[in-house]
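One file, input_7.cif, carrying mmCIF, C-alpha atoms and all ligand atoms:
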```
data_query
loop_
_atom_site.label_atom_id
_atom_site.label_comp_id
_atom_site.auth_asym_id
_atom_site.auth_seq_id
_atom_site.Cartn_x
_atom_site.Cartn_y
_atom_site.Cartn_z
CA MET A 1 135.63 84.89 158.56
CA THR A 2 133.63 83.12 155.83
CA GLU A 3 135.65 80.89 153.51
CA PRO A 4 135.89 82.42 150.03
CA LYS A 5 134.44 80.31 147.21
CA PRO A 6 137.16 78.11 145.64
CA VAL A 7 138.41 79.63 142.38
CA TRP A 8 137.24 76.66 140.27
CA LYS A 9 133.72 77.06 141.68
CA ARG A 10 133.55 80.72 140.73
CA TRP A 11 133.93 79.61 137.10
CA HIS A 12 131.82 76.49 137.34
CA ASP A 13 128.33 76.39 135.87
CA GLU A 14 126.51 73.81 138.00
CA ALA A 15 123.54 73.78 135.64
CA ASP A 16 125.77 72.30 132.93
CA PRO A 17 127.17 68.89 133.92
CA ILE A 18 130.74 67.92 133.09
CA ARG A 19 130.10 65.35 130.36
CA VAL A 20 132.80 62.78 129.73
CA GLY A 21 132.68 59.98 127.17
CA ILE A 22 133.83 56.56 128.37
CA SER A 23 134.39 53.07 127.04
CA SER A 24 131.21 51.48 128.33
CA CYS A 25 132.84 48.38 129.87
CA LEU A 26 134.70 50.63 132.36
CA LEU A 27 131.39 51.53 133.96
CA GLY A 28 130.70 47.86 134.67
CA ASN A 29 128.43 47.34 131.67
CA GLN A 30 128.63 43.77 130.37
CA VAL A 31 129.57 44.60 126.82
CA ARG A 32 132.90 42.82 126.38
CA HIS A 33 133.35 40.04 123.84
CA ASP A 34 133.05 37.43 126.63
CA GLY A 35 129.97 39.06 128.17
CA GLY A 36 132.02 40.56 131.00
CA HIS A 37 133.06 44.08 131.95
CA LYS A 38 136.13 45.98 133.15
CA HIS A 39 134.56 48.03 135.91
CA ASP A 40 136.95 50.71 137.16
CA ARG A 41 135.98 51.77 140.68
CA TYR A 42 138.05 54.96 140.67
CA LEU A 43 136.10 56.20 137.67
CA THR A 44 132.64 55.33 138.97
CA ASP A 45 133.11 55.91 142.70
CA VAL A 46 135.55 58.84 142.86
CA LEU A 47 135.01 60.72 139.60
CA GLY A 48 131.39 59.59 139.15
CA PRO A 49 129.92 62.19 141.54
CA TRP A 50 131.54 64.98 139.50
CA PHE A 51 131.12 63.74 135.95
CA GLU A 52 128.16 62.70 133.84
CA TRP A 53 129.44 59.68 131.93
CA VAL A 54 128.46 59.16 128.30
CA PRO A 55 129.06 55.44 127.64
CA VAL A 56 130.13 54.24 124.20
CA CYS A 57 130.90 50.64 123.17
CA PRO A 58 132.08 50.76 119.56
CA GLU A 59 131.96 46.98 119.04
CA VAL A 60 128.40 46.62 120.32
CA GLU A 61 127.29 49.77 118.52
CA ILE A 62 128.51 48.52 115.12
CA GLY A 63 126.28 45.49 115.72
CA LEU A 64 128.70 42.75 116.81
CA GLY A 65 126.57 41.80 119.83
CA THR A 66 127.59 40.28 123.18
CA PRO A 67 129.13 37.74 123.51
CA ARG A 68 131.00 37.85 120.18
CA PRO A 69 134.14 36.40 118.61
CA THR A 70 137.31 38.32 119.46
CA ILE A 71 138.68 40.91 117.06
CA ARG A 72 142.20 42.27 116.77
CA LEU A 73 144.44 44.69 114.90
CA GLU A 74 146.53 43.27 112.08
CA THR A 75 149.46 45.22 110.67
CA ALA A 76 148.92 46.52 107.15
CA ASP A 77 149.97 49.42 105.01
CA PRO A 78 149.13 52.30 105.43
CA ARG A 79 147.49 51.46 108.77
CA PRO A 80 146.49 48.38 110.78
CA ARG A 81 143.17 46.67 109.98
CA LEU A 82 140.49 45.57 112.45
CA VAL A 83 139.93 41.89 111.78
CA MET A 84 137.82 39.07 113.24
CA PRO A 85 140.24 36.09 112.96
CA SER A 86 137.56 33.40 113.34
CA THR A 87 135.75 34.54 110.17
CA GLY A 88 138.45 36.60 108.42
CA ASP A 89 136.05 39.59 108.28
CA ASP A 90 137.75 42.98 107.92
CA LEU A 91 135.74 45.41 110.07
CA THR A 92 137.94 48.47 109.55
CA GLN A 93 135.71 50.42 107.17
CA ARG A 94 132.58 49.59 109.13
CA MET A 95 134.19 50.82 112.35
CA GLU A 96 135.58 53.97 110.70
CA ASP A 97 132.22 54.89 109.15
CA TRP A 98 130.37 54.31 112.41
CA SER A 99 133.03 56.28 114.36
CA ALA A 100 132.67 59.30 112.05
CA ALA A 101 128.88 59.33 112.48
CA ARG A 102 128.98 58.72 116.26
CA LEU A 103 131.60 61.41 116.79
CA SER A 104 129.54 63.99 114.87
CA GLU A 105 126.65 63.18 117.16
CA LEU A 106 128.83 63.41 120.30
CA ARG A 107 130.23 66.75 119.13
CA ARG A 108 126.71 68.15 118.79
CA HIS A 109 125.98 67.16 122.42
CA GLU A 110 129.45 68.29 123.49
CA LEU A 111 131.88 66.49 125.78
CA ASP A 112 134.59 67.66 128.17
CA GLY A 113 136.80 64.58 127.87
CA PHE A 114 136.95 60.87 127.06
CA VAL A 115 138.29 57.88 129.04
CA LEU A 116 139.23 54.91 126.87
CA LYS A 117 139.86 51.25 127.72
CA LYS A 118 143.51 50.40 127.30
CA GLY A 119 144.70 47.63 125.01
CA SER A 120 141.47 47.31 123.01
CA PRO A 121 141.68 47.10 119.19
CA SER A 122 138.71 49.48 119.13
CA CYS A 123 139.22 51.73 122.17
CA GLY A 124 142.96 51.60 123.08
CA MET A 125 144.75 54.93 122.60
CA GLU A 126 148.30 53.55 122.36
CA ARG A 127 150.43 50.39 122.58
CA VAL A 128 147.62 48.11 121.34
CA ARG A 129 148.82 44.71 120.06
CA ALA A 130 149.03 44.69 116.26
CA TYR A 131 149.51 41.20 114.77
CA SER A 132 151.53 40.39 111.68
CA SER A 133 151.70 37.07 109.83
CA GLY A 134 153.90 34.99 112.13
CA GLY A 135 156.00 36.45 114.93
CA GLN A 136 155.10 38.32 118.06
CA PRO A 137 152.52 41.11 117.93
CA ALA A 138 154.02 44.59 118.14
CA ARG A 139 152.61 46.84 120.84
CA ASN A 140 152.37 49.87 118.63
CA GLY A 141 148.73 49.97 117.51
CA VAL A 142 145.91 52.41 118.18
CA GLY A 143 142.30 51.24 118.43
CA VAL A 144 140.23 52.18 115.39
CA PHE A 145 137.62 54.19 117.30
CA ALA A 146 140.31 55.84 119.44
CA ARG A 147 142.23 56.83 116.30
CA SER A 148 139.14 58.54 114.84
CA LEU A 149 138.33 60.20 118.15
CA MET A 150 141.78 61.76 118.53
CA ALA A 151 142.03 62.74 114.84
CA GLN A 152 138.58 64.28 114.58
CA TRP A 153 138.56 65.96 117.98
CA PRO A 154 142.15 66.99 118.70
CA THR A 155 141.30 69.48 121.46
CA LEU A 156 139.30 66.98 123.52
CA PRO A 157 141.14 65.69 126.64
CA VAL A 158 141.54 61.92 126.15
CA GLU A 159 143.13 59.36 128.49
CA GLU A 160 143.15 55.61 129.12
CA GLU A 161 142.03 54.17 132.43
CA GLY A 162 145.45 52.48 132.84
CA ARG A 163 147.35 55.75 132.44
CA LEU A 164 145.06 57.37 135.00
CA ASN A 165 146.84 55.31 137.66
CA ASP A 166 149.78 57.67 137.20
CA PRO A 167 149.02 60.57 139.62
CA ALA A 168 150.56 63.23 137.35
CA LEU A 169 148.67 62.04 134.25
CA ARG A 170 145.51 61.79 136.30
CA GLU A 171 145.83 65.31 137.67
CA GLY A 172 146.67 66.64 134.20
CA PHE A 173 143.67 64.94 132.58
CA ILE A 174 141.15 66.09 135.19
CA GLU A 175 142.57 69.61 135.13
CA ARG A 176 142.02 69.66 131.33
CA VAL A 177 138.49 68.28 131.68
CA PHE A 178 137.52 71.05 134.13
CA CYS A 179 139.24 73.58 131.89
CA ARG A 180 137.30 72.40 128.85
CA HIS A 181 134.05 72.65 130.79
CA ARG A 182 134.87 76.30 131.57
CA TRP A 183 135.80 76.84 127.93
CA ARG A 184 132.46 75.45 126.77
CA GLY A 185 130.73 77.80 129.20
CA LEU A 186 132.57 80.75 127.68
CA LEU A 187 131.55 79.69 124.16
CA ARG A 188 127.96 79.18 125.25
CA ARG A 189 127.85 82.71 126.64
CA GLY A 190 128.93 84.03 123.25
CA GLY A 191 132.76 83.94 123.58
CA ARG A 192 133.09 87.71 123.79
CA ARG A 193 136.61 89.14 123.68
CA GLY A 194 136.38 90.72 127.14
CA GLU A 195 135.48 87.36 128.59
CA LEU A 196 138.29 85.67 126.69
CA VAL A 197 140.76 88.10 128.29
CA ALA A 198 139.35 87.26 131.76
CA PHE A 199 139.49 83.52 130.96
CA HIS A 200 143.08 83.78 129.77
CA THR A 201 144.12 85.82 132.81
CA ALA A 202 142.62 83.28 135.24
CA HIS A 203 144.43 80.40 133.48
CA LYS A 204 147.85 82.04 133.13
CA MET A 205 149.61 80.14 135.91
CA ILE A 206 148.03 76.81 134.92
CA ILE A 207 149.21 77.21 131.33
CA ARG A 208 152.74 78.22 132.40
CA ALA A 209 153.01 75.09 134.54
CA HIS A 210 152.53 73.04 131.36
CA ASN A 211 154.17 74.96 128.56
CA GLU A 212 155.92 78.32 128.79
CA ALA A 213 156.19 78.72 124.98
CA GLY A 214 152.48 77.95 124.57
CA TYR A 215 151.72 80.51 127.29
CA ARG A 216 153.59 83.18 125.32
CA ARG A 217 151.81 82.22 122.07
CA LEU A 218 148.43 82.43 123.79
CA GLY A 219 149.33 85.84 125.22
CA ARG A 220 150.22 87.11 121.71
CA LEU A 221 146.96 85.68 120.37
CA VAL A 222 144.88 87.50 122.99
CA ALA A 223 146.84 90.73 122.42
CA ALA A 224 146.17 90.50 118.66
CA ALA A 225 142.47 89.70 119.15
CA GLY A 226 141.33 92.84 117.32
CA THR A 227 143.06 91.79 114.10
CA MET A 228 141.02 88.65 113.42
CA SER A 229 137.42 87.47 113.37
CA ASP A 230 135.89 86.10 116.59
CA ASP A 231 135.56 82.63 115.09
CA ARG A 232 139.22 82.48 114.05
CA LEU A 233 140.35 83.85 117.38
CA LEU A 234 138.35 81.33 119.45
CA GLU A 235 139.37 78.42 117.26
CA ALA A 236 143.07 79.34 117.43
CA TYR A 237 142.90 79.95 121.18
CA GLU A 238 141.20 76.60 121.85
CA ARG A 239 143.74 74.71 119.75
CA GLU A 240 146.71 76.40 121.40
CA LEU A 241 145.24 76.14 124.92
CA PHE A 242 144.56 72.41 124.88
CA GLY A 243 147.78 71.74 122.97
CA SER A 244 149.70 73.56 125.73
CA LEU A 245 147.86 71.82 128.56
CA SER A 246 148.63 68.41 127.09
CA HIS A 247 152.33 68.96 127.96
CA ARG A 248 153.27 67.39 131.25
CA ALA A 249 153.52 69.82 134.17
CA THR A 250 156.88 68.86 135.72
CA PRO A 251 158.05 69.73 139.27
CA LYS A 252 160.52 72.17 137.72
CA ARG A 253 157.77 73.99 135.83
CA HIS A 254 155.52 74.00 138.89
CA ALA A 255 158.38 75.42 141.00
CA ASN A 256 158.91 78.22 138.45
CA VAL A 257 155.22 79.08 138.60
CA LEU A 258 155.25 79.04 142.41
CA TYR A 259 158.22 81.42 142.50
CA HIS A 260 156.44 83.64 139.99
CA ALA A 261 153.44 83.75 142.35
CA LEU A 262 155.66 84.44 145.34
CA GLY A 263 157.00 87.48 143.48
CA TYR A 264 153.52 89.03 143.67
CA LEU A 265 153.62 88.74 147.46
CA LYS A 266 157.03 90.27 148.02
CA ARG A 267 155.63 93.44 149.58
CA GLU A 268 152.86 91.65 151.44
CA ILE A 269 154.67 89.01 153.47
CA ASP A 270 157.68 89.37 155.76
CA ALA A 271 161.12 87.80 155.44
CA VAL A 272 160.28 84.84 157.70
CA ASP A 273 157.20 83.91 155.64
CA LYS A 274 159.18 84.35 152.44
CA ARG A 275 161.94 82.06 153.68
CA GLU A 276 159.41 79.45 154.70
CA ALA A 277 157.71 79.63 151.27
CA VAL A 278 161.06 79.21 149.47
CA GLU A 279 161.90 76.23 151.67
CA VAL A 280 158.56 74.57 150.94
CA ILE A 281 158.88 75.17 147.17
CA GLU A 282 162.38 73.66 147.23
CA ASP A 283 161.12 70.69 149.27
CA TYR A 284 158.48 70.15 146.59
CA ARG A 285 161.01 70.48 143.74
CA ASN A 286 163.20 67.90 145.48
CA GLY A 287 160.35 65.45 145.90
CA LEU A 288 160.12 65.76 149.70
CA VAL A 289 156.53 67.04 149.80
CA PRO A 290 153.68 66.87 147.26
CA LEU A 291 152.41 69.86 145.26
CA VAL A 292 149.48 70.37 147.61
CA VAL A 293 151.90 71.65 150.30
CA PRO A 294 153.38 74.75 148.57
CA VAL A 295 150.05 75.51 146.88
CA THR A 296 148.20 75.42 150.22
CA LEU A 297 150.78 77.72 151.79
CA LEU A 298 150.47 80.13 148.88
CA ARG A 299 146.69 80.05 149.09
CA HIS A 300 146.93 80.85 152.79
CA HIS A 301 149.00 83.98 152.03
CA VAL A 302 146.68 84.98 149.19
CA ARG A 303 143.69 84.77 151.56
CA ARG A 304 145.41 87.07 154.03
CA HIS A 305 146.73 89.42 151.32
CA PRO A 306 144.30 89.18 148.41
CA VAL A 307 146.49 90.40 145.53
CA PRO A 308 143.80 90.42 142.79
CA TYR A 309 145.92 88.67 140.13
CA LEU A 310 146.75 85.77 142.45
CA ALA A 311 143.30 85.58 144.05
CA GLY A 312 141.83 84.93 140.58
CA GLN A 313 144.33 82.25 139.51
CA LEU A 314 142.71 78.87 138.86
CA TYR A 315 146.13 77.32 139.45
CA LEU A 316 145.55 77.69 143.18
CA GLU A 317 142.34 75.56 143.05
CA PRO A 318 141.72 74.16 139.55
CA HIS A 319 139.42 71.31 140.66
CA PRO A 320 137.56 70.13 143.80
CA LYS A 321 139.85 69.45 146.77
CA GLU A 322 137.83 66.31 147.51
CA LEU A 323 139.51 64.66 144.52
CA MET A 324 142.88 65.08 146.30
CA LEU A 325 144.67 65.18 142.97
CA ARG A 326 147.67 67.16 144.13
CA ASN A 327 148.36 65.01 147.17
CA ARG A 328 150.54 62.61 145.16
CA VAL A 329 152.16 64.79 142.49
S1 LIG B 1 136.97 48.14 125.18
FE1 LIG B 1 135.58 49.37 123.94
S2 LIG B 1 134.78 47.97 122.40
FE2 LIG B 1 135.70 46.72 124.01
S3 LIG B 1 134.01 46.22 125.38
FE3 LIG B 1 134.97 48.06 126.17
S4 LIG B 1 133.82 49.70 125.28
FE4 LIG B 1 133.35 47.91 124.08
#
```

Step by step, read the file and then write its structure as structure tokens.
Ligand code: SF4
Amino acid sequence: MTEPKPVWKRWHDEADPIRVGISSCLLGNQVRHDGGHKHDRYLTDVLGPWFEWVPVCPEVEIGLGTPRPTIRLETADPRPRLVMPSTGDDLTQRMEDWSAARLSELRRHELDGFVLKKGSPSCGMERVRAYSSGGQPARNGVGVFARSLMAQWPTLPVEEEGRLNDPALREGFIERVFCRHRWRGLLRRGGRRGELVAFHTAHKMIIRAHNEAGYRRLGRLVAAAGTMSDDRLLEAYERELFGSLSHRATPKRHANVLYHALGYLKREIDAVDKREAVEVIEDYRNGLVPLVVPVTLLRHHVRRHPVPYLAGQLYLEPHPKELMLRNRV
């Protein structure tokens, strides 16, 4: 029997690379203030074969050069400033203007995600040191480029390399990146309503694993598609979809989705197989086995009994198995 094509591959357009923006120093480029880099091997060696990286170094690109004096965030009202302490220069406006222009350019070329360098006053997405006059810096700042990126492009999956060490955050981010790539494909093909319905159907279980309320809102949106213009529909769907996927998929939510899937097999598998599946789902919920175990068992049953709804669910294979993302969540 020939192996069926993995579900993610059926949706994947190989002619269009998955393009992900990245803080340039994470690729090993020597762009840091001291002339060094922060090469992250997981990004280049494991994700590199799947992604086309689009490197961005905000500090070099605004003309600060390498090496350069250090810069930092300083607390101010209404928001922290980007300051070079050795000269007293305030670089905030310069960085904000450059970020707006660079982001417009990146949006024209499209991206599927962005990986930022943690802790940087330009690139850090959270908990960046913000200095006040005297006293300890508070770890509550956001890098100036990162702030613009997240404000101007709220549906883009964004993560820091440090947070990607958390297996659940890593799986969630890469799942969203692949999802955005499929979404871009749909838009490129014209975003027709029939295709949106197929897209939504294939993503149902993935969305439910992240946010049940968002899943219901998306369902209502698709059902009401005829009452609004295509542009409004696609914009609202994209916002709601990526908002829903940014919620953490907990073991409890995954278990609910797995039971939901098992319900579709109730007439197809016998009592012994059902009992085994329930046991495996409960083992997963209780932290005894990783998610890959119940999902693999389910996929096995779906191969033998191809219930069309389940056979088309991206949840069963949302990204390449070689990435082994569900082996530790
Ligand atoms: S953290 Fe950002 S600004 Fe700093 S060196 Fe890396 S890419 Fe450049």

*asked:* Counting all atoms listed in the file, what are the residues, protein, DNA or RNA alike, that approach ligand LIG 1 (chain B) to within 10 Å? I want them as a PyMOL selection string.
replied: chain A and resi 22-39+55-62+64+66-67+70-71+116-124+143-146

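Counting all atoms listed in the file, range 200-207 of chain A has the following residues at most 7 Å away, ignoring those fewer than 3 positions along the same chain: Leu196, Val197, His210, Asn211, Tyr215, Ser244, Leu245, Val257, Gly312, Gln313, Leu314 and Tyr315 of chain A.
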
_So the first atom is CA of Ala261 in chain A and the second is CA of Gly185 in chain A; what is the distance between them in Å, to one decimal place?_
26.9 Å

_Of the listed residues A:Leu241, A:Ala209, A:Val115, A:Asp230, that which approaches His260 in chain A most closely, counting only C-alpha atoms_ = A:Ala209

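Taking CA of Ser86 in chain A and CA of Ser133 in chain A as endpoints, the distance between them is 15.0 Å.
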
Fewer than 3 positions away in the same chain doesn't count, so skip those; otherwise give me all residues within 12 Å of Ser246 in chain A, counting only C-alpha atoms, as a PDB file with C-alpha atoms, in the coordinates of the input.
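Saved as around_0.pdb:
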```pdb
ATOM      1  CA  PRO A 154     142.150  66.990 118.700  1.00  0.00           C
ATOM      2  CA  THR A 155     141.300  69.480 121.460  1.00  0.00           C
ATOM      3  CA  LEU A 156     139.300  66.980 123.520  1.00  0.00           C
ATOM      4  CA  PRO A 157     141.140  65.690 126.640  1.00  0.00           C
ATOM      5  CA  VAL A 158     141.540  61.920 126.150  1.00  0.00           C
ATOM      6  CA  GLU A 159     143.130  59.360 128.490  1.00  0.00           C
ATOM      7  CA  ALA A 168     150.560  63.230 137.350  1.00  0.00           C
ATOM      8  CA  LEU A 169     148.670  62.040 134.250  1.00  0.00           C
ATOM      9  CA  ARG A 170     145.510  61.790 136.300  1.00  0.00           C
ATOM     10  CA  GLU A 171     145.830  65.310 137.670  1.00  0.00           C
ATOM     11  CA  GLY A 172     146.670  66.640 134.200  1.00  0.00           C
ATOM     12  CA  PHE A 173     143.670  64.940 132.580  1.00  0.00           C
ATOM     13  CA  ILE A 174     141.150  66.090 135.190  1.00  0.00           C
ATOM     14  CA  GLU A 175     142.570  69.610 135.130  1.00  0.00           C
ATOM     15  CA  ARG A 176     142.020  69.660 131.330  1.00  0.00           C
ATOM     16  CA  VAL A 177     138.490  68.280 131.680  1.00  0.00           C
ATOM     17  CA  CYS A 179     139.240  73.580 131.890  1.00  0.00           C
ATOM     18  CA  ILE A 206     148.030  76.810 134.920  1.00  0.00           C
ATOM     19  CA  ILE A 207     149.210  77.210 131.330  1.00  0.00           C
ATOM     20  CA  ARG A 208     152.740  78.220 132.400  1.00  0.00           C
ATOM     21  CA  ALA A 209     153.010  75.090 134.540  1.00  0.00           C
ATOM     22  CA  HIS A 210     152.530  73.040 131.360  1.00  0.00           C
ATOM     23  CA  ASN A 211     154.170  74.960 128.560  1.00  0.00           C
ATOM     24  CA  GLY A 214     152.480  77.950 124.570  1.00  0.00           C
ATOM     25  CA  ARG A 239     143.740  74.710 119.750  1.00  0.00           C
ATOM     26  CA  GLU A 240     146.710  76.400 121.400  1.00  0.00           C
ATOM     27  CA  LEU A 241     145.240  76.140 124.920  1.00  0.00           C
ATOM     28  CA  PHE A 242     144.560  72.410 124.880  1.00  0.00           C
ATOM     29  CA  GLY A 243     147.780  71.740 122.970  1.00  0.00           C
ATOM     30  CA  ALA A 249     153.520  69.820 134.170  1.00  0.00           C
ATOM     31  CA  THR A 250     156.880  68.860 135.720  1.00  0.00           C
TER      32      THR A 250
END
```

Please report as JSON lines every residue of range 111-203 of chain A lying within 10 Å of range 232-237 of chain A, along with the nearest atom pair and their distance in Å (one decimal), using only C-alpha atoms.
```
{"residue": "A:Trp183", "atom": "CA", "partner": "A:Leu234", "partner_atom": "CA", "distance": 9.9}
{"residue": "A:Leu187", "atom": "CA", "partner": "A:Leu234", "partner_atom": "CA", "distance": 8.4}
{"residue": "A:Gly191", "atom": "CA", "partner": "A:Leu234", "partner_atom": "CA", "distance": 7.4}
{"residue": "A:Arg192", "atom": "CA", "partner": "A:Leu234", "partner_atom": "CA", "distance": 9.3}
{"residue": "A:Arg193", "atom": "CA", "partner": "A:Leu233", "partner_atom": "CA", "distance": 9.0}
{"residue": "A:Leu196", "atom": "CA", "partner": "A:Leu234", "partner_atom": "CA", "distance": 8.4}
{"residue": "A:His200", "atom": "CA", "partner": "A:Tyr237", "partner_atom": "CA", "distance": 9.4}
```

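Closest approach to Pro320 in chain A from the set A:Tyr264, A:Trp50, A:Tyr131, A:Tyr284 is made by A:Trp50, with distances taken over all atoms listed in the file.
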
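In this comparison, which uses only C-alpha atoms, the residue of A:Glu14, A:Glu268, A:Glu238, A:Glu74 approaching Leu218 in chain A most closely is A:Glu238.
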
So that all listed atoms of range 283-290 of chain A fit with 4 Å spare on each side, what axis-aligned box centre and edge lengths in Å, to one decimal, would you give as lines of an AutoDock Vina configuration file?
```
center_x = 158.4
center_y = 68.1
center_z = 146.8
size_x = 17.5
size_y = 13.2
size_z = 14.1
```

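Distance-wise, CA of Met95 in chain A and CA of Phe51 in chain A end up 27.1 Å apart.
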
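Among the candidates A:Ile18, A:Leu103, A:Leu164, A:Val222, the residue lying nearest to Leu43 in chain A is A:Leu164 (atoms considered: all atoms listed in the file).
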
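Omitting Leu82 in chain A and its sequence neighbours fewer than 4 positions away, and counting all atoms listed in the file, the residues within 6 Å are Arg72, Leu73, Asp90, Leu91 and Thr92 of chain A.
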